[in-house]
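Step one of this worksheet: look at the structure below.
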Amino acid sequence: MSYDLEQENKEILARYKDLISNTYRTLDEENNKLIRKAFDIALDAHKDQRRKSGEPYIYHPIAVAKIVATEIGLGATSIACALLHDVIEDSDYTYEDLKKIFGEKIASIVNGLTKISIMNHQNISVQSENYRKLLLTLSEDFRVILIKIADRLHNMRTLESMAPDKQKKIASETVYIYAPMAHRLGLYNIKSELEDLSLKYNNPEVYNEITEKLELAKESRERYIEEFKTEVSERLKEEGLNFTIKGRAKAISSIYRKMLKQGVSFEEVFDNYAIRIIYKSDAKNEKFLAWKIYSIVTDVYHSNPSRMRDWITQPRSTGYESLHLTVLGPDKKWIEVQIRSERMDEIAEKGVAAHYKYKEGYKQSSDDRNFEKWVTEIREVLEQQQNLSTSELLDNIKLNLYSKEVFVFTPKGEIKILPTNATALDFAFSVHSDLGMKCLGAKINGKLVPISYVLQNGDQVDILSSQNQKPKSDWLEFVVTSKAKSKIKSYLNSQKNQLVDEGKEILQRKLRHAKINFNDEEINKLQKFFNLKSSQELFLKFQSNELDASSLRKYIESKNVFNNLLSRFRKSPSKNVHFEEPKEQNLDMIVFGKDEEKLNYSYAKCCTVIPGDKIFGFITISDGIKVHSDNCPNAINLRAQYDYRVIPAKWVNAESFKNRVKIEIEGLDRMGMINDITTVISGSMGMDMKSMSIESNNGVFTGNINLEVKNKGQLEETFKKLKSINGVSRVRRLQS
């Protein structure tokens with residue numbers, strides 16, 4: 001193709017002057033020189049390049065720089081970086097070259113943009129890694145992300161020249177990654193345009209239909225806005241307010257989402273456009289004037305209280321501030337009205353980039369902290385989810401990018417912002433990871449609720465925790481924040497690895513004790529014997545006690561190495577041995593195990609044992625059972641290294657008697673709770689339960705149980721075991 005180079009050079013210069021016309025009023029001479037230098041380098045780097053449309057490539061970086069300057073509102077450094085954003089990737093200029101010419105800051109930003117730009121040309125697994133890089137650069141310099149969003153916006157605006165399959169790929173990637181990112185950075189106009197352009201290429205029929213209907217309704221919409229202005233402006237002027245009133249159509253993608261969600265046609269979407277009242281104010285009166293305007297508007301038109309949103313008292317985590325109300329307008333149709341100051345409007349238009357203009361005089365520090373907290377959480381998620389698949393990674397991150405929010409309070413009255421549908425457990429993790437790990441339940445507005453309770457706006461949340469609580473796999477079914485998901489998954493994975501190691505050690509000890517070599521050949525034989533798929537599965541079963549010494553008996557019987565006593569003690573659970581009640585005053589009768597067996601024993605020489613001491617039994621290789629005091633200097637070592645050979649032991653005597661007591665128990669209900677309670681009482685403690693009544697209401701249970709106990713010690717032990725059950729919050733004795 002032949003090109004009119006002279007005409008193109010004129011056009012390049014005209015586009016550059018248009019860019020500068022938007023910056024020279026706000027930037028000094030030195031900054032404008034910096035932008036000119038960046039333009040000259042970019043022009044040289046791209047002099048022989050053209051876009052798919054055939055246009056000179058330099059049009060693209062100039063357009064991206066203009067978006068950065070006017071639509072995002074960044075300064076000279078970012079404008080220069082936008083002009084240079086493809087220089088390292090597409091020319092002979094290197095990072096070192098840019099560092100010499102512009103300094104380390106600009107070179108680093110451009111280098112960050114270069115690292116993630118190959119995302120468009122790679123397969124999905126590499127995309128995932130580059131998306132990870134893109135997010136990680138956010139905490140280093142958020143301008144990288146903002147320039148990248150500007151780059152994507154211009155690419156979407158000029159997508160016509162691409163092949164249809166490329167259009168759909170880029171449009172899908174945009175709506176999946178870049179629109180949520182723009183949303184989280186407060187760039188709502190850019191977010192809406194990215195979504196609209198993505199819909200244009202992914203679903204052109206719907207896009208064109210809604211566009212045409214909005215165009216047809218344009219005249220009536222403008223007439224409606226003028227009528228609203230007439231009725232409201234006079235009242236606002238009477239109060240001496242300085243303001244402007246604008247009307248706008250809702251985003252095409254937003255209207256389409258409402259059509260799908262509500263199952264209605266375009267004509268039935270009642271609020272497909274909105275009115276915005278923007279007022280001038282100093283910092284002191286900003287909030288007061290917003291509510292004053294709200295009062296005036298609701299005096300003129302009836303409002304819908306259920307659709308009122310106060311983002312001024314408590315801004316969104318993105319920093320967005322505005323009062324939203326829905327009123328019955330001039331034609332008796334519902335319309336959304338947004339009330340915001342000029343400062344709020346700029347932050348709504350330009351997002352996090354505008355925060356830095358308003359640090360003095362306005363309370364913006366909390367917004368900055370929210371943004372920094374979000375960045376920190378994103379880094380944690382990325383660092384802890386290295387092994388996630390691409391779809392899992394993107395889905396987890398998107399949860400924190402693109403969700404509506406719920407506002408709740410800590411017991412001290414501090415506000416926490418969480419995604420809609422967040423649970424009490426999500427709240428616990430947002431306060432502190434350790435609190436989330438040990439979360440047992442919560443009190444919401446003083447009422448006990450389970451950890452799966454879905455938080456509502458205004459809830460006051462008090463987390464209940466227990467040292468005995470540990471994360472469980474079913475928690476992943478109801479948490480929604482990426483922080484909670486990543487922490488739970490990380491714990492479960494580490495626990496699984498730890499359990500495998502523990503199981504391996506247990507099996508090693510058992511085989512060593514049985515004088516069987518622990519080697520690959522022996523492990524393979526064990527796998528085949530127990531019909532298991534892997535050695536990991538074998539180790540896990542030994543750790544969980546699904547396989548134990550009794551399970552191993554058949555395997556080792558032929559080797560005839562197990563100690564006779566150990567073999568007897570680890571007998572099949574189906575054989576229950578009961579002991580006769582000892583005679584009165586027979587204080588040196590000791591029984592072992594949960595079946596309270598009478599077995600031969602002797603006292604260990606390393607400690608002094610007297611009747612009544614807390615004791616345990618230890619199965620030795622050649623001397624049978626040795627009885628140790630709980631305070632024995634070797635007790636910790638024996639339990640730590642040879643726990644599989646430690647057996648419970650206790651004294652029995654003639655103080656055995658039966659006394660009926662009534663206990664009350666309450667907590668968070670779940671499947672299997674009653675079984676766990678009865679297992680402790682009847683199984684573990686061997687107590688006679690005379691009656692039991694339990695009621696459950698909204699996930700919280702209370703129960704009364706009548707027991708026959710032998711002594712106070714038995715009752716105290718029962719209380720201890722009941723309190724250790726997952727979900728039990730209180731156990732007490734009733735005096736009646």
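Following the order of the structure tokens, chains are lettered A, B, ..., residues in each are numbered from 1, and ligands are numbered from 1.
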Self-check item: Expected answer as a list in words: strand (DSSP E) residues in region 401-517 of chain A
Solution: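 Strand (DSSP E) members of region 401-517 of chain A, listed: Glu405, Val406, Phe407, Val408, Phe409, Ile415, Lys416, Ile417, Leu418, Pro419, Cys439, Leu440, Gly441, Ala442, Lys443, Ile444, Lys447, Leu448, Val449, Val461, Asp462, Ile463, Leu464 and Ser465 of chain A.
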Output for the residues just chosen: N, CA and C atoms as a PDB file, in the first residue's frame:
ATOM      1  N   GLU A 405     -20.933  -4.498  47.826  1.00  0.00           N
ATOM      2  CA  GLU A 405     -20.364  -4.533  49.169  1.00  0.00           C
ATOM      3  C   GLU A 405     -21.428  -4.495  50.250  1.00  0.00           C
ATOM      4  N   VAL A 406     -21.063  -5.015  51.414  1.00  0.00           N
ATOM      5  CA  VAL A 406     -21.908  -4.952  52.594  1.00  0.00           C
ATOM      6  C   VAL A 406     -21.079  -4.317  53.706  1.00  0.00           C
ATOM      7  N   PHE A 407     -21.709  -3.469  54.502  1.00  0.00           N
ATOM      8  CA  PHE A 407     -21.018  -2.754  55.570  1.00  0.00           C
ATOM      9  C   PHE A 407     -21.463  -3.321  56.916  1.00  0.00           C
ATOM     10  N   VAL A 408     -20.515  -3.766  57.713  1.00  0.00           N
ATOM     11  CA  VAL A 408     -20.831  -4.318  59.029  1.00  0.00           C
ATOM     12  C   VAL A 408     -19.912  -3.673  60.071  1.00  0.00           C
ATOM     13  N   PHE A 409     -20.221  -3.919  61.348  1.00  0.00           N
ATOM     14  CA  PHE A 409     -19.496  -3.263  62.433  1.00  0.00           C
ATOM     15  C   PHE A 409     -18.832  -4.286  63.338  1.00  0.00           C
ATOM     16  N   ILE A 415     -16.119   0.113  61.204  1.00  0.00           N
ATOM     17  CA  ILE A 415     -16.798  -0.397  60.018  1.00  0.00           C
ATOM     18  C   ILE A 415     -15.875  -1.316  59.228  1.00  0.00           C
ATOM     19  N   LYS A 416     -16.432  -2.430  58.769  1.00  0.00           N
ATOM     20  CA  LYS A 416     -15.730  -3.341  57.866  1.00  0.00           C
ATOM     21  C   LYS A 416     -16.527  -3.428  56.565  1.00  0.00           C
ATOM     22  N   ILE A 417     -15.819  -3.373  55.439  1.00  0.00           N
ATOM     23  CA  ILE A 417     -16.462  -3.474  54.128  1.00  0.00           C
ATOM     24  C   ILE A 417     -16.123  -4.838  53.543  1.00  0.00           C
ATOM     25  N   LEU A 418     -17.161  -5.612  53.205  1.00  0.00           N
ATOM     26  CA  LEU A 418     -16.965  -6.947  52.655  1.00  0.00           C
ATOM     27  C   LEU A 418     -17.847  -7.121  51.422  1.00  0.00           C
ATOM     28  N   PRO A 419     -17.538  -8.087  50.558  1.00  0.00           N
ATOM     29  CA  PRO A 419     -18.399  -8.325  49.402  1.00  0.00           C
ATOM     30  C   PRO A 419     -19.784  -8.813  49.834  1.00  0.00           C
ATOM     31  N   CYS A 439     -12.308 -19.665  64.135  1.00  0.00           N
ATOM     32  CA  CYS A 439     -13.689 -19.191  64.245  1.00  0.00           C
ATOM     33  C   CYS A 439     -14.644 -20.351  64.510  1.00  0.00           C
ATOM     34  N   LEU A 440     -15.436 -20.216  65.567  1.00  0.00           N
ATOM     35  CA  LEU A 440     -16.390 -21.252  65.958  1.00  0.00           C
ATOM     36  C   LEU A 440     -17.815 -20.850  65.626  1.00  0.00           C
ATOM     37  N   GLY A 441     -18.080 -19.578  65.678  1.00  0.00           N
ATOM     38  CA  GLY A 441     -19.408 -19.041  65.420  1.00  0.00           C
ATOM     39  C   GLY A 441     -19.351 -17.538  65.577  1.00  0.00           C
ATOM     40  N   ALA A 442     -20.504 -16.917  65.680  1.00  0.00           N
ATOM     41  CA  ALA A 442     -20.533 -15.459  65.838  1.00  0.00           C
ATOM     42  C   ALA A 442     -21.794 -15.047  66.562  1.00  0.00           C
ATOM     43  N   LYS A 443     -21.717 -13.867  67.155  1.00  0.00           N
ATOM     44  CA  LYS A 443     -22.907 -13.214  67.666  1.00  0.00           C
ATOM     45  C   LYS A 443     -23.190 -12.037  66.756  1.00  0.00           C
ATOM     46  N   ILE A 444     -24.342 -12.074  66.104  1.00  0.00           N
ATOM     47  CA  ILE A 444     -24.759 -10.988  65.229  1.00  0.00           C
ATOM     48  C   ILE A 444     -25.842 -10.211  65.953  1.00  0.00           C
ATOM     49  N   LYS A 447     -27.038 -12.059  68.904  1.00  0.00           N
ATOM     50  CA  LYS A 447     -27.659 -13.375  68.736  1.00  0.00           C
ATOM     51  C   LYS A 447     -26.647 -14.372  68.175  1.00  0.00           C
ATOM     52  N   LEU A 448     -26.605 -15.556  68.759  1.00  0.00           N
ATOM     53  CA  LEU A 448     -25.665 -16.589  68.328  1.00  0.00           C
ATOM     54  C   LEU A 448     -26.053 -17.126  66.956  1.00  0.00           C
ATOM     55  N   VAL A 449     -25.092 -17.144  66.019  1.00  0.00           N
ATOM     56  CA  VAL A 449     -25.342 -17.656  64.664  1.00  0.00           C
ATOM     57  C   VAL A 449     -24.163 -18.524  64.229  1.00  0.00           C
ATOM     58  N   VAL A 461     -20.921  -7.526  64.442  1.00  0.00           N
ATOM     59  CA  VAL A 461     -20.414  -8.897  64.424  1.00  0.00           C
ATOM     60  C   VAL A 461     -19.378  -9.103  65.517  1.00  0.00           C
ATOM     61  N   ASP A 462     -19.631 -10.104  66.351  1.00  0.00           N
ATOM     62  CA  ASP A 462     -18.687 -10.480  67.407  1.00  0.00           C
ATOM     63  C   ASP A 462     -18.315 -11.944  67.184  1.00  0.00           C
ATOM     64  N   ILE A 463     -17.073 -12.207  66.844  1.00  0.00           N
ATOM     65  CA  ILE A 463     -16.642 -13.558  66.490  1.00  0.00           C
ATOM     66  C   ILE A 463     -16.330 -14.374  67.746  1.00  0.00           C
ATOM     67  N   LEU A 464     -16.835 -15.616  67.768  1.00  0.00           N
ATOM     68  CA  LEU A 464     -16.516 -16.567  68.834  1.00  0.00           C
ATOM     69  C   LEU A 464     -15.461 -17.529  68.302  1.00  0.00           C
ATOM     70  N   SER A 465     -14.426 -17.741  69.080  1.00  0.00           N
ATOM     71  CA  SER A 465     -13.340 -18.602  68.599  1.00  0.00           C
ATOM     72  C   SER A 465     -12.972 -19.621  69.661  1.00  0.00           C
TER      73      SER A 465
END
Quiz item: Hey, what's within 6 Å of region 594-608 of chain A if we count only C-alpha atoms and toss same-chain stuff fewer than 3 positions away? As a VMD selection string, please?
Solution: chain A and resid 591 625 to 628 632
Quiz item: In Å to one decimal, how far is CA of Ile252 (chain A) from CA of Leu214 (chain A)?
Solution: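 Taking CA of Leu214 (chain A) and CA of Ile252 (chain A), their separation equals 8.7 Å.
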Exercise. If you run DSSP over the backbone, which residues in region 415-578 of chain A end up helix (DSSP H, G or I)? Put them as a PyMOL selection string.
Key: chain A and resi 424-431+433-437+473-477+482-513+520-529+535-543+549-557+564-569
Exercise. Go through A:Asn524, A:Arg645, A:Asn517, A:Ile339 and flag the residue nearest Asp548 (chain A), using only C-alpha atoms for the distances.
Key: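 Closest residue, counting only C-alpha atoms: A:Arg645.
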Self-check item: Nearest to Arg276 (chain A) by atom-to-atom distance, counting only C-alpha atoms, from A:Glu55, A:Glu239, A:Asp299, A:Glu342
Solution: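 That would be A:Glu342, the residue with the smallest distance to Arg276 (chain A).
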Quiz item: Counting only C-alpha atoms, what is within 12 Å of Ile109 (chain A), bar same-chain residues fewer than 3 positions away, as a PyMOL selection string?
Solution: chain A and resi 77-88+95+98-99+102-106+112-116+134+137-138+140-148
Can you pull out every residue within 12 Å of Leu236 (chain A), counting only C-alpha atoms, but drop anything in the same chain fewer than 3 positions away, and send it as a PDB file with N, CA, C and O atoms, in the first residue's frame?
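Result file is out-v3.pdb:
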ATOM      1  N   LYS A 229     -34.783  19.598  35.681  1.00  0.00           N
ATOM      2  CA  LYS A 229     -33.929  20.754  35.987  1.00  0.00           C
ATOM      3  C   LYS A 229     -34.775  21.962  36.381  1.00  0.00           C
ATOM      4  O   LYS A 229     -34.489  22.665  37.359  1.00  0.00           O
ATOM      5  N   THR A 230     -35.837  22.200  35.603  1.00  0.00           N
ATOM      6  CA  THR A 230     -36.687  23.362  35.852  1.00  0.00           C
ATOM      7  C   THR A 230     -37.298  23.307  37.240  1.00  0.00           C
ATOM      8  O   THR A 230     -37.322  24.301  37.969  1.00  0.00           O
ATOM      9  N   GLU A 231     -37.789  22.133  37.616  1.00  0.00           N
ATOM     10  CA  GLU A 231     -38.491  22.005  38.893  1.00  0.00           C
ATOM     11  C   GLU A 231     -37.543  22.050  40.088  1.00  0.00           C
ATOM     12  O   GLU A 231     -37.888  22.573  41.145  1.00  0.00           O
ATOM     13  N   VAL A 232     -36.332  21.489  39.921  1.00  0.00           N
ATOM     14  CA  VAL A 232     -35.409  21.385  41.053  1.00  0.00           C
ATOM     15  C   VAL A 232     -34.481  22.599  41.143  1.00  0.00           C
ATOM     16  O   VAL A 232     -34.165  23.066  42.249  1.00  0.00           O
ATOM     17  N   SER A 233     -34.043  23.125  40.002  1.00  0.00           N
ATOM     18  CA  SER A 233     -33.039  24.195  39.992  1.00  0.00           C
ATOM     19  C   SER A 233     -33.490  25.418  40.773  1.00  0.00           C
ATOM     20  O   SER A 233     -32.709  26.031  41.513  1.00  0.00           O
ATOM     21  N   GLU A 239     -31.533  28.429  47.758  1.00  0.00           N
ATOM     22  CA  GLU A 239     -30.651  28.121  48.885  1.00  0.00           C
ATOM     23  C   GLU A 239     -29.219  28.592  48.634  1.00  0.00           C
ATOM     24  O   GLU A 239     -28.320  28.307  49.429  1.00  0.00           O
ATOM     25  N   GLY A 240     -29.014  29.282  47.514  1.00  0.00           N
ATOM     26  CA  GLY A 240     -27.693  29.833  47.215  1.00  0.00           C
ATOM     27  C   GLY A 240     -26.667  28.791  46.809  1.00  0.00           C
ATOM     28  O   GLY A 240     -25.450  29.026  46.951  1.00  0.00           O
ATOM     29  N   LEU A 241     -27.111  27.674  46.281  1.00  0.00           N
ATOM     30  CA  LEU A 241     -26.189  26.593  45.911  1.00  0.00           C
ATOM     31  C   LEU A 241     -25.625  26.815  44.508  1.00  0.00           C
ATOM     32  O   LEU A 241     -26.317  27.291  43.607  1.00  0.00           O
ATOM     33  N   ASN A 242     -24.357  26.436  44.331  1.00  0.00           N
ATOM     34  CA  ASN A 242     -23.686  26.501  43.033  1.00  0.00           C
ATOM     35  C   ASN A 242     -23.610  25.076  42.500  1.00  0.00           C
ATOM     36  O   ASN A 242     -22.912  24.225  43.061  1.00  0.00           O
ATOM     37  N   PHE A 243     -24.319  24.774  41.407  1.00  0.00           N
ATOM     38  CA  PHE A 243     -24.482  23.377  41.002  1.00  0.00           C
ATOM     39  C   PHE A 243     -24.680  23.263  39.495  1.00  0.00           C
ATOM     40  O   PHE A 243     -24.934  24.249  38.804  1.00  0.00           O
ATOM     41  N   THR A 244     -24.552  22.042  38.994  1.00  0.00           N
ATOM     42  CA  THR A 244     -24.950  21.699  37.626  1.00  0.00           C
ATOM     43  C   THR A 244     -25.770  20.419  37.690  1.00  0.00           C
ATOM     44  O   THR A 244     -25.582  19.585  38.589  1.00  0.00           O
ATOM     45  N   ILE A 245     -26.683  20.270  36.738  1.00  0.00           N
ATOM     46  CA  ILE A 245     -27.506  19.055  36.658  1.00  0.00           C
ATOM     47  C   ILE A 245     -27.289  18.429  35.295  1.00  0.00           C
ATOM     48  O   ILE A 245     -27.427  19.084  34.265  1.00  0.00           O
ATOM     49  N   ILE A 277     -26.625  15.493  40.109  1.00  0.00           N
ATOM     50  CA  ILE A 277     -26.518  16.866  40.608  1.00  0.00           C
ATOM     51  C   ILE A 277     -25.126  17.027  41.212  1.00  0.00           C
ATOM     52  O   ILE A 277     -24.786  16.340  42.185  1.00  0.00           O
ATOM     53  N   ILE A 278     -24.330  17.924  40.626  1.00  0.00           N
ATOM     54  CA  ILE A 278     -22.947  18.129  41.074  1.00  0.00           C
ATOM     55  C   ILE A 278     -22.842  19.555  41.626  1.00  0.00           C
ATOM     56  O   ILE A 278     -23.191  20.523  40.933  1.00  0.00           O
ATOM     57  N   TYR A 279     -22.367  19.664  42.872  1.00  0.00           N
ATOM     58  CA  TYR A 279     -22.349  20.969  43.532  1.00  0.00           C
ATOM     59  C   TYR A 279     -20.934  21.351  43.962  1.00  0.00           C
ATOM     60  O   TYR A 279     -20.084  20.494  44.195  1.00  0.00           O
ATOM     61  N   LEU A 289     -24.103  19.848  52.617  1.00  0.00           N
ATOM     62  CA  LEU A 289     -24.779  20.288  51.391  1.00  0.00           C
ATOM     63  C   LEU A 289     -25.397  19.116  50.628  1.00  0.00           C
ATOM     64  O   LEU A 289     -26.457  19.263  50.015  1.00  0.00           O
ATOM     65  N   ALA A 290     -24.739  17.962  50.662  1.00  0.00           N
ATOM     66  CA  ALA A 290     -25.291  16.780  49.984  1.00  0.00           C
ATOM     67  C   ALA A 290     -26.665  16.434  50.554  1.00  0.00           C
ATOM     68  O   ALA A 290     -27.630  16.185  49.814  1.00  0.00           O
ATOM     69  N   LYS A 292     -28.590  18.429  52.237  1.00  0.00           N
ATOM     70  CA  LYS A 292     -29.502  19.549  51.988  1.00  0.00           C
ATOM     71  C   LYS A 292     -30.161  19.399  50.611  1.00  0.00           C
ATOM     72  O   LYS A 292     -31.379  19.573  50.465  1.00  0.00           O
ATOM     73  N   ILE A 293     -29.331  19.049  49.602  1.00  0.00           N
ATOM     74  CA  ILE A 293     -29.857  18.829  48.246  1.00  0.00           C
ATOM     75  C   ILE A 293     -30.802  17.634  48.247  1.00  0.00           C
ATOM     76  O   ILE A 293     -31.872  17.662  47.616  1.00  0.00           O
ATOM     77  N   TYR A 294     -30.439  16.595  48.976  1.00  0.00           N
ATOM     78  CA  TYR A 294     -31.303  15.407  49.102  1.00  0.00           C
ATOM     79  C   TYR A 294     -32.675  15.812  49.648  1.00  0.00           C
ATOM     80  O   TYR A 294     -33.720  15.394  49.127  1.00  0.00           O
ATOM     81  N   SER A 295     -32.679  16.653  50.660  1.00  0.00           N
ATOM     82  CA  SER A 295     -33.934  17.091  51.271  1.00  0.00           C
ATOM     83  C   SER A 295     -34.784  17.878  50.278  1.00  0.00           C
ATOM     84  O   SER A 295     -36.008  17.691  50.201  1.00  0.00           O
ATOM     85  N   ILE A 296     -34.132  18.734  49.496  1.00  0.00           N
ATOM     86  CA  ILE A 296     -34.867  19.538  48.507  1.00  0.00           C
ATOM     87  C   ILE A 296     -35.481  18.646  47.431  1.00  0.00           C
ATOM     88  O   ILE A 296     -36.656  18.798  47.069  1.00  0.00           O
ATOM     89  N   VAL A 297     -34.685  17.697  46.899  1.00  0.00           N
ATOM     90  CA  VAL A 297     -35.177  16.809  45.835  1.00  0.00           C
ATOM     91  C   VAL A 297     -36.358  15.973  46.334  1.00  0.00           C
ATOM     92  O   VAL A 297     -37.375  15.815  45.640  1.00  0.00           O
ATOM     93  N   ASP A 299     -38.389  16.750  48.673  1.00  0.00           N
ATOM     94  CA  ASP A 299     -39.554  17.617  48.870  1.00  0.00           C
ATOM     95  C   ASP A 299     -40.340  17.768  47.575  1.00  0.00           C
ATOM     96  O   ASP A 299     -41.570  17.885  47.579  1.00  0.00           O
ATOM     97  N   VAL A 300     -39.619  17.793  46.443  1.00  0.00           N
ATOM     98  CA  VAL A 300     -40.253  17.974  45.135  1.00  0.00           C
ATOM     99  C   VAL A 300     -40.852  16.665  44.622  1.00  0.00           C
ATOM    100  O   VAL A 300     -41.964  16.642  44.084  1.00  0.00           O
TER     101      VAL A 300
END
Exercise. Please measure the separation of CA of Ser691 (chain A) and CA of Val652 (chain A), giving the value in Å to one decimal.
Key: 26.5 Å
Practice problem: Could you please determine the separation between CA of Lys504 (chain A) and CA of Asn531 (chain A) in Å, to one decimal place? | Solution: 17.3 Å
Quiz item: For Tyr320 (chain A), which residue among A:Val337, A:Pro204, A:Phe529, A:Gly351 is the nearest when counting only C-alpha atoms?
Solution: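 Checking each candidate against Tyr320 (chain A), we get A:Gly351 as the closest.
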Quiz item: What's the 12 Å shell around Val269 (chain A), counting only C-alpha atoms, without same-chain residues fewer than 5 positions away, as a list in words?
Solution: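 Residues near the query, excluding close chain neighbours: Ile210, Leu214, Lys250, Ile252, Ser254, Ile255, Tyr256, Arg257, Lys258, Met259, Leu260, Lys261, Gln262, Gly263, Val264, Lys333, Trp334 and Ile335 of chain A.
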Quiz item: Ser430 (chain A): which residues within 9 Å, counting only C-alpha atoms, same-chain residues fewer than 2 positions away excluded, as a list in words?
Solution: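 Residues near the query, excluding close chain neighbours: Lys416, Leu418, Leu425, Asp426, Phe427, Ala428, His432, Ser433, Leu435, Gly436, Thr481, Lys483 and Ala484 of chain A.
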Mind dumping the selected residues with C-alpha atoms as a PDB file, in the first residue's frame?
ATOM      1  CA  LYS A 416     -15.730  -3.341  57.866  1.00  0.00           C
ATOM      2  CA  LEU A 418     -16.965  -6.947  52.655  1.00  0.00           C
ATOM      3  CA  LEU A 425     -16.334 -16.552  58.630  1.00  0.00           C
ATOM      4  CA  ASP A 426     -15.261 -14.091  55.898  1.00  0.00           C
ATOM      5  CA  PHE A 427     -15.546 -11.327  58.507  1.00  0.00           C
ATOM      6  CA  ALA A 428     -13.338 -13.287  60.930  1.00  0.00           C
ATOM      7  CA  HIS A 432      -7.190 -11.480  61.322  1.00  0.00           C
ATOM      8  CA  SER A 433      -6.197 -14.745  59.664  1.00  0.00           C
ATOM      9  CA  LEU A 435      -9.216 -15.439  64.145  1.00  0.00           C
ATOM     10  CA  GLY A 436     -10.612 -16.941  60.950  1.00  0.00           C
ATOM     11  CA  THR A 481     -13.543 -13.556  49.902  1.00  0.00           C
ATOM     12  CA  LYS A 483      -8.407 -14.037  51.484  1.00  0.00           C
ATOM     13  CA  ALA A 484     -10.557 -16.558  53.347  1.00  0.00           C
TER      14      ALA A 484
END
Quiz item: So which residues touch Glu522 (chain A) within 12 Å, counting only C-alpha atoms, skipping near sequence neighbours fewer than 5 positions away, as a list in words?
Solution: Leu507, Gln508, Leu511, Arg512, Ile516, Asn517, Gln527, Lys528, Phe529, Ser535, Leu538, Tyr555 and Ile556 of chain A
Practice problem: Determine the nearest neighbour of Glu215 (chain A) from the options A:Ala107, A:Ile619, A:Ala249, A:Leu187, counting only C-alpha atoms. | Solution: A:Ala249
